[in-house]
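Report on the following structure.
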Amino acid sequence: MRNRGRSSRVEDGGLLTIQKDVEDLEAVRRHFRVERFVPVGYSYLGFMVVLYAMDHPDRVERVVQLGPVPRKFDTEYPASLLHTDSVPVIDSATAARIDSLERSGWARDHPKEFCEESRVFAVRLVGDPAKAAGLMDPCDMPNEWPVNLERHFEHHFAAVQRLDVPKESVARVRVPVLTIHGTWDRNAPYAAGREWALALPNARLITVERAAHQVTADAPEIVLPAIARFVSGRWPERAEKITSLERDPPR
């Protein structure tokens, strides 16, 4: 997406919105002359692909959401659907050291080095701490350095927070939607994925127990075959039709 990964840096913060992401996806589709396709959206892009399907219903065959953010910012969900770590994922001394580097100004003077130091927080993206070592290293991409991500999120998340997409509009997305969400997601609550699967009329949810935001890293043996089966036109066996925001306790 724009201003992320290896994309060109966008100087105008006003152009960093989820609506612009929708426009970019359509521009890519037109460029490659694709008639219909299956967009796969992770995190805030899990929201974006639904917005795209709303704007371009004739271009979408199916939709996949991975750990999508809530439909409406600051939605209050049942406590039973929210994950709270029993012990801190990052020890207090490490967190204090990183905070000190940021407050001292060292982070802005040494942005790549600070990115490397901050990689200790990647453990929050997985349910199994051992999986953190296998995550992509973002520090060779300036867009992903914390000092630049802070600016990106300042503009982009502000645009997301202003959105209040009516449930009636979401319900007009009739194509099959597969939502995959980990119960230990610390970035986008599991309840958000459950809510999307409830609001979209032809959606099903795969719940991945004890997986966090990087659900593909926590459970590739579940996620990747499920997406492949779904794209081929069949519902994965684990995909559940959601009829209530609340869920029964896992067995």
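The chains in the structure tokens are called A, B, ... from first to last as shown; in each chain the residues are counted from 1, and the ligands are counted from 1 in the order shown.
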
Would you mind writing down, as a PyMOL selection string, each residue of stretch 5-98 of chain A that DSSP on the backbone assigns to strand (DSSP E or B)? chain A and resi 37+40-42+60+63-66+72

Write out as number ranges by chain the residues lying within 10 Å of stretch 74-83 of chain A, counting only C-alpha atoms and excluding same-chain residues fewer than 5 positions away. A: 161, 182-186, 188-192, 194-195, 210, 212, 245-249

Give one line per residue of stretch 87-172 of chain A that approaches stretch 30-45 of chain A to at most 10 Å, naming the two atoms of the closest pair and their distance in Å to one decimal, counting only C-alpha atoms; sort by chain then ascending residue number and deliver it as a Markdown table.
```
| residue | atom | partner | partner_atom | distance |
| --- | --- | --- | --- | --- |
| A:His156 | CA | A:Tyr44 | CA | 9.6 |
| A:Phe157 | CA | A:Tyr44 | CA | 8.8 |
| A:Val160 | CA | A:Tyr44 | CA | 8.3 |
```

Write the residues you've just listed into a file as a PDB file, in the first residue's frame, and include C-alpha atoms for each of them.
```
ATOM      1  CA  HIS A 156      -3.989   7.176   8.223  1.00  0.00           C
ATOM      2  CA  PHE A 157      -5.477   6.045  11.516  1.00  0.00           C
ATOM      3  CA  VAL A 160      -9.941   5.271   9.873  1.00  0.00           C
TER       4      VAL A 160
END
```

With DSSP run on the backbone, what are the alpha helix (DSSP H) residues within stretch 40-249 of chain A? I'd like them as a PyMOL selection string. chain A and resi 44-55+92-103+106-109+111-118+146-162+167-170+190-199+215-218+220-231

Using only C-alpha atoms, which protein or nucleic acid residues come within 7 Å of stretch 139-155 of chain A? Drop anything in the same chain fewer than 2 positions from it, and give the result as a VMD selection string. chain A and resid 3 to 6 9 13 to 14 16 to 17 108 111 to 112 115 to 116 137 157 to 159

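Remark: for A:Val173, the closest of the candidate residues A:Asp55, A:Glu117, A:Glu209, A:Asp128 is A:Asp55 (distances computed over only C-alpha atoms).
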
What does the distance from atom CA of A:Pro166 to atom CA of A:Leu51 come to in Å, to one decimal? 11.5 Å

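One distance worth recording is that between atom CA of A:Glu168 and atom CA of A:Lys72, which is 13.5 Å.
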
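Nearest residue to A:Thr216, choosing from A:Leu135, A:Val60, A:Val69, A:Ile90 and counting only C-alpha atoms: A:Leu135.
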
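Within the 10 Å cut-off around stretch 175-177 of chain A, using only C-alpha atoms and omitting residues fewer than 6 positions from it on the same chain, the listed residues are A:Val38, A:Val40, A:Val50, A:Ala53, A:Pro57, A:Asp58, A:Val60, A:Glu61, A:Arg62, A:Val63, A:Val64, A:Gln65, A:Trp196, A:Ala197, A:Leu200, A:Pro201, A:Asn202, A:Ala203, A:Arg204, A:Leu205, A:Phe230, A:Val231, A:Gly233, A:Arg234, A:Trp235.
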
Take the residues from that selection and put them in a file with C-alpha atoms, as a PDB file, in the first residue's frame.
```
ATOM      1  CA  VAL A  38      -9.883 -11.950  -4.741  1.00  0.00           C
ATOM      2  CA  VAL A  40      -6.717 -10.303   0.647  1.00  0.00           C
ATOM      3  CA  VAL A  50     -14.504  -4.527   2.292  1.00  0.00           C
ATOM      4  CA  ALA A  53     -15.998  -4.463  -2.447  1.00  0.00           C
ATOM      5  CA  PRO A  57     -18.877  -5.014  -6.383  1.00  0.00           C
ATOM      6  CA  ASP A  58     -18.511  -6.213  -9.980  1.00  0.00           C
ATOM      7  CA  VAL A  60     -14.617  -8.854  -6.629  1.00  0.00           C
ATOM      8  CA  GLU A  61     -15.137 -12.620  -6.652  1.00  0.00           C
ATOM      9  CA  ARG A  62     -14.400 -13.251  -2.976  1.00  0.00           C
ATOM     10  CA  VAL A  63     -12.732 -11.405  -0.105  1.00  0.00           C
ATOM     11  CA  VAL A  64     -10.253 -12.529   2.554  1.00  0.00           C
ATOM     12  CA  GLN A  65      -9.697 -10.628   5.819  1.00  0.00           C
ATOM     13  CA  TRP A 196     -17.249  -8.568  10.501  1.00  0.00           C
ATOM     14  CA  ALA A 197     -18.261 -12.193  10.013  1.00  0.00           C
ATOM     15  CA  LEU A 200     -21.321  -9.553   6.222  1.00  0.00           C
ATOM     16  CA  PRO A 201     -24.189 -11.701   4.928  1.00  0.00           C
ATOM     17  CA  ASN A 202     -22.060 -14.317   3.146  1.00  0.00           C
ATOM     18  CA  ALA A 203     -19.090 -14.493   5.515  1.00  0.00           C
ATOM     19  CA  ARG A 204     -17.561 -17.197   7.655  1.00  0.00           C
ATOM     20  CA  LEU A 205     -14.926 -17.001  10.369  1.00  0.00           C
ATOM     21  CA  PHE A 230     -11.445 -20.597  -0.319  1.00  0.00           C
ATOM     22  CA  VAL A 231      -9.921 -19.027  -3.436  1.00  0.00           C
ATOM     23  CA  GLY A 233     -14.310 -21.785  -4.558  1.00  0.00           C
ATOM     24  CA  ARG A 234     -14.884 -23.918  -1.463  1.00  0.00           C
ATOM     25  CA  TRP A 235     -15.359 -23.017   2.189  1.00  0.00           C
TER      26      TRP A 235
END
```

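Minimum atom-to-atom distances from A:Ala239, A:Met54, A:Val87, A:Ala133 to A:Ile227 were compared using only C-alpha atoms, and the lowest value belongs to A:Ala239.
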
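Counting only C-alpha atoms and comparing A:Pro88, A:His56, A:Leu15, A:Gly134, the residue that lies closest to A:Ala217 is A:Gly134.
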